[in-house]
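Undergrad: Would you mind keeping the following structure in view while I ask a few things?
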Amino acid sequence: MSLVWVKAGQGNQETTIEARRTDMTHVAVEFATTCEHVQGLAGVLTLDVAREMSVPLLETTVYRLANEHVCRNSCSVPAAVFKALEVEANLFPAAESQIVFIDSAER
């Protein structure tokens with residue numbers, strides 16, 4: 001099982017994504033979230049990892065559902081789902097991802 005925690009920026013919403021392999025090619029994904037928009041993704045998704053990783057991004061089940069339910073394009077939850085899929089399918093090792101704004105950067 002892979003467990004990922006996502007804390008969104010301005011809204012301080014939190015989402016936990018649990019991914020677990022159900023067979024050789026499928027991963028079940030469950031969400032626990034404080035975000036009403038991500039709740040639209042909630043429930044259990046069973047994803048075909050090979051398909052999700054091989055079709056264009058906008059044709060994936062994850063991004064099709066995000067397009068219907070998530071409030072903004074910059075939401076990091078769909079990307080976190082893909083990170084969890086990669087780890088659970090043993091495609092890549094678990095590693096943190098970050099988006100950090102540098103306060104001293106010139107605007």
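Labels for the structure tokens follow display order: chains A, B, ..., residues from 1 in each chain, ligands from 1.
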Any idea what's packed within 10 Å of A:Arg51, counting only C-alpha atoms, ignoring anything in its chain fewer than 6 positions away? Could you give it as a PyMOL selection string?
TA: chain A and resi 25-26+59-61
Undergrad: Where does DSSP see helix (DSSP H, G or I) in chain A, if you list the residues as a PDB file with N, CA and C atoms, in the first residue's frame?
TA:
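Contents of selection-v3.pdb, as written:
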```
ATOM      1  N   VAL A  38     -12.482  17.759  -4.213  1.00  0.00           N
ATOM      2  CA  VAL A  38     -11.811  16.461  -4.311  1.00  0.00           C
ATOM      3  C   VAL A  38     -12.736  15.349  -3.845  1.00  0.00           C
ATOM      4  N   GLN A  39     -13.697  15.665  -2.985  1.00  0.00           N
ATOM      5  CA  GLN A  39     -14.657  14.654  -2.539  1.00  0.00           C
ATOM      6  C   GLN A  39     -15.406  14.045  -3.717  1.00  0.00           C
ATOM      7  N   GLY A  40     -15.522  14.802  -4.823  1.00  0.00           N
ATOM      8  CA  GLY A  40     -16.143  14.267  -6.029  1.00  0.00           C
ATOM      9  C   GLY A  40     -15.364  13.095  -6.612  1.00  0.00           C
ATOM     10  N   LEU A  41     -14.072  13.036  -6.297  1.00  0.00           N
ATOM     11  CA  LEU A  41     -13.243  11.904  -6.728  1.00  0.00           C
ATOM     12  C   LEU A  41     -13.317  10.752  -5.733  1.00  0.00           C
ATOM     13  N   VAL A  49      -3.176   0.527 -14.453  1.00  0.00           N
ATOM     14  CA  VAL A  49      -1.938   1.312 -14.433  1.00  0.00           C
ATOM     15  C   VAL A  49      -1.335   1.440 -15.821  1.00  0.00           C
ATOM     16  N   ALA A  50      -1.285   0.359 -16.577  1.00  0.00           N
ATOM     17  CA  ALA A  50      -0.692   0.412 -17.918  1.00  0.00           C
ATOM     18  C   ALA A  50      -1.425   1.417 -18.801  1.00  0.00           C
ATOM     19  N   ARG A  51      -2.740   1.413 -18.727  1.00  0.00           N
ATOM     20  CA  ARG A  51      -3.517   2.365 -19.521  1.00  0.00           C
ATOM     21  C   ARG A  51      -3.279   3.788 -19.051  1.00  0.00           C
ATOM     22  N   GLU A  52      -3.368   4.016 -17.743  1.00  0.00           N
ATOM     23  CA  GLU A  52      -3.207   5.369 -17.206  1.00  0.00           C
ATOM     24  C   GLU A  52      -1.838   5.958 -17.565  1.00  0.00           C
ATOM     25  N   MET A  53      -0.821   5.113 -17.609  1.00  0.00           N
ATOM     26  CA  MET A  53       0.539   5.595 -17.877  1.00  0.00           C
ATOM     27  C   MET A  53       0.863   5.704 -19.364  1.00  0.00           C
ATOM     28  N   SER A  54      -0.009   5.169 -20.219  1.00  0.00           N
ATOM     29  CA  SER A  54       0.336   5.138 -21.644  1.00  0.00           C
ATOM     30  C   SER A  54      -0.522   6.031 -22.536  1.00  0.00           C
ATOM     31  N   LEU A  57      -2.320  12.531 -21.298  1.00  0.00           N
ATOM     32  CA  LEU A  57      -2.743  12.966 -19.968  1.00  0.00           C
ATOM     33  C   LEU A  57      -4.239  13.244 -19.872  1.00  0.00           C
ATOM     34  N   LEU A  58      -4.791  13.953 -20.839  1.00  0.00           N
ATOM     35  CA  LEU A  58      -6.208  14.323 -20.764  1.00  0.00           C
ATOM     36  C   LEU A  58      -7.153  13.158 -21.035  1.00  0.00           C
ATOM     37  N   GLU A  59      -6.609  12.020 -21.457  1.00  0.00           N
ATOM     38  CA  GLU A  59      -7.432  10.831 -21.675  1.00  0.00           C
ATOM     39  C   GLU A  59      -7.387   9.858 -20.499  1.00  0.00           C
ATOM     40  N   THR A  61      -8.162   8.356 -16.808  1.00  0.00           N
ATOM     41  CA  THR A  61      -9.321   8.366 -15.929  1.00  0.00           C
ATOM     42  C   THR A  61      -9.144   9.418 -14.847  1.00  0.00           C
ATOM     43  N   VAL A  62      -7.942   9.512 -14.296  1.00  0.00           N
ATOM     44  CA  VAL A  62      -7.665  10.465 -13.221  1.00  0.00           C
ATOM     45  C   VAL A  62      -7.968  11.894 -13.671  1.00  0.00           C
ATOM     46  N   TYR A  63      -7.450  12.310 -14.813  1.00  0.00           N
ATOM     47  CA  TYR A  63      -7.646  13.688 -15.251  1.00  0.00           C
ATOM     48  C   TYR A  63      -9.041  13.935 -15.832  1.00  0.00           C
ATOM     49  N   ARG A  64      -9.670  12.917 -16.385  1.00  0.00           N
ATOM     50  CA  ARG A  64     -11.063  13.092 -16.826  1.00  0.00           C
ATOM     51  C   ARG A  64     -11.959  13.371 -15.622  1.00  0.00           C
ATOM     52  N   LEU A  65     -11.766  12.614 -14.539  1.00  0.00           N
ATOM     53  CA  LEU A  65     -12.542  12.841 -13.321  1.00  0.00           C
ATOM     54  C   LEU A  65     -12.181  14.172 -12.665  1.00  0.00           C
ATOM     55  N   ALA A  66     -10.906  14.509 -12.672  1.00  0.00           N
ATOM     56  CA  ALA A  66     -10.484  15.790 -12.114  1.00  0.00           C
ATOM     57  C   ALA A  66     -11.126  16.936 -12.883  1.00  0.00           C
ATOM     58  N   ASN A  67     -11.231  16.791 -14.189  1.00  0.00           N
ATOM     59  CA  ASN A  67     -11.860  17.816 -15.014  1.00  0.00           C
ATOM     60  C   ASN A  67     -13.319  18.032 -14.604  1.00  0.00           C
ATOM     61  N   GLU A  68     -13.978  16.981 -14.172  1.00  0.00           N
ATOM     62  CA  GLU A  68     -15.378  17.071 -13.754  1.00  0.00           C
ATOM     63  C   GLU A  68     -15.544  17.612 -12.336  1.00  0.00           C
ATOM     64  N   HIS A  69     -14.591  17.306 -11.446  1.00  0.00           N
ATOM     65  CA  HIS A  69     -14.815  17.549 -10.026  1.00  0.00           C
ATOM     66  C   HIS A  69     -13.891  18.566  -9.363  1.00  0.00           C
ATOM     67  N   VAL A  77      -3.660  17.387  -6.482  1.00  0.00           N
ATOM     68  CA  VAL A  77      -4.143  16.047  -6.125  1.00  0.00           C
ATOM     69  C   VAL A  77      -4.052  15.062  -7.296  1.00  0.00           C
ATOM     70  N   PRO A  78      -4.476  15.416  -8.524  1.00  0.00           N
ATOM     71  CA  PRO A  78      -4.348  14.439  -9.616  1.00  0.00           C
ATOM     72  C   PRO A  78      -2.898  13.997  -9.854  1.00  0.00           C
ATOM     73  N   ALA A  79      -1.959  14.909  -9.777  1.00  0.00           N
ATOM     74  CA  ALA A  79      -0.550  14.533  -9.940  1.00  0.00           C
ATOM     75  C   ALA A  79      -0.108  13.601  -8.814  1.00  0.00           C
ATOM     76  N   ALA A  80      -0.599  13.851  -7.605  1.00  0.00           N
ATOM     77  CA  ALA A  80      -0.258  12.987  -6.475  1.00  0.00           C
ATOM     78  C   ALA A  80      -0.825  11.582  -6.659  1.00  0.00           C
ATOM     79  N   VAL A  81      -1.999  11.478  -7.287  1.00  0.00           N
ATOM     80  CA  VAL A  81      -2.560  10.152  -7.591  1.00  0.00           C
ATOM     81  C   VAL A  81      -1.602   9.403  -8.507  1.00  0.00           C
ATOM     82  N   PHE A  82      -1.083  10.089  -9.521  1.00  0.00           N
ATOM     83  CA  PHE A  82      -0.134   9.435 -10.424  1.00  0.00           C
ATOM     84  C   PHE A  82       1.141   9.019  -9.714  1.00  0.00           C
ATOM     85  N   LYS A  83       1.633   9.833  -8.793  1.00  0.00           N
ATOM     86  CA  LYS A  83       2.821   9.455  -8.015  1.00  0.00           C
ATOM     87  C   LYS A  83       2.535   8.179  -7.225  1.00  0.00           C
ATOM     88  N   ALA A  84       1.354   8.108  -6.605  1.00  0.00           N
ATOM     89  CA  ALA A  84       0.990   6.914  -5.839  1.00  0.00           C
ATOM     90  C   ALA A  84       0.883   5.686  -6.746  1.00  0.00           C
ATOM     91  N   LEU A  85       0.316   5.866  -7.948  1.00  0.00           N
ATOM     92  CA  LEU A  85       0.228   4.751  -8.904  1.00  0.00           C
ATOM     93  C   LEU A  85       1.612   4.251  -9.289  1.00  0.00           C
ATOM     94  N   GLU A  86       2.517   5.176  -9.579  1.00  0.00           N
ATOM     95  CA  GLU A  86       3.879   4.794  -9.969  1.00  0.00           C
ATOM     96  C   GLU A  86       4.562   3.970  -8.889  1.00  0.00           C
ATOM     97  N   VAL A  87       4.407   4.403  -7.642  1.00  0.00           N
ATOM     98  CA  VAL A  87       5.042   3.692  -6.532  1.00  0.00           C
ATOM     99  C   VAL A  87       4.392   2.331  -6.329  1.00  0.00           C
ATOM    100  N   GLU A  88       3.075   2.298  -6.332  1.00  0.00           N
ATOM    101  CA  GLU A  88       2.369   1.044  -6.081  1.00  0.00           C
ATOM    102  C   GLU A  88       2.622   0.024  -7.191  1.00  0.00           C
TER     103      GLU A  88
END
```
Undergrad: Measure the distance from atom CA of A:Val44 to atom CA of A:Ile99 in Å and round it to one decimal.
TA: 27.0 Å
Undergrad: Have a look at A:Val70, A:Leu47, A:Val100, A:Val55 and name the one nearest to A:Thr22; count only C-alpha atoms.
TA: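 The answer is A:Leu47, which sits nearest to A:Thr22.
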Undergrad: Please, what distance in Å, to one decimal, runs between atom CA of A:Pro56 and atom CA of A:Ala32?
TA: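 We find that atom CA of A:Pro56 and atom CA of A:Ala32 lie 26.9 Å from each other.
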Undergrad: Counting only C-alpha atoms, which of A:Val27, A:Met1, A:Val6, A:Cys71 gets nearest to A:Glu96?
TA: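 Checking each candidate against A:Glu96, we get A:Val6 as the closest.
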Undergrad: Work out how far apart atom CA of A:Leu3 and atom CA of A:Thr33 are and give it in Å to one decimal.
TA: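 Computed distance, atom CA of A:Leu3 to atom CA of A:Thr33, equals 13.1 Å.
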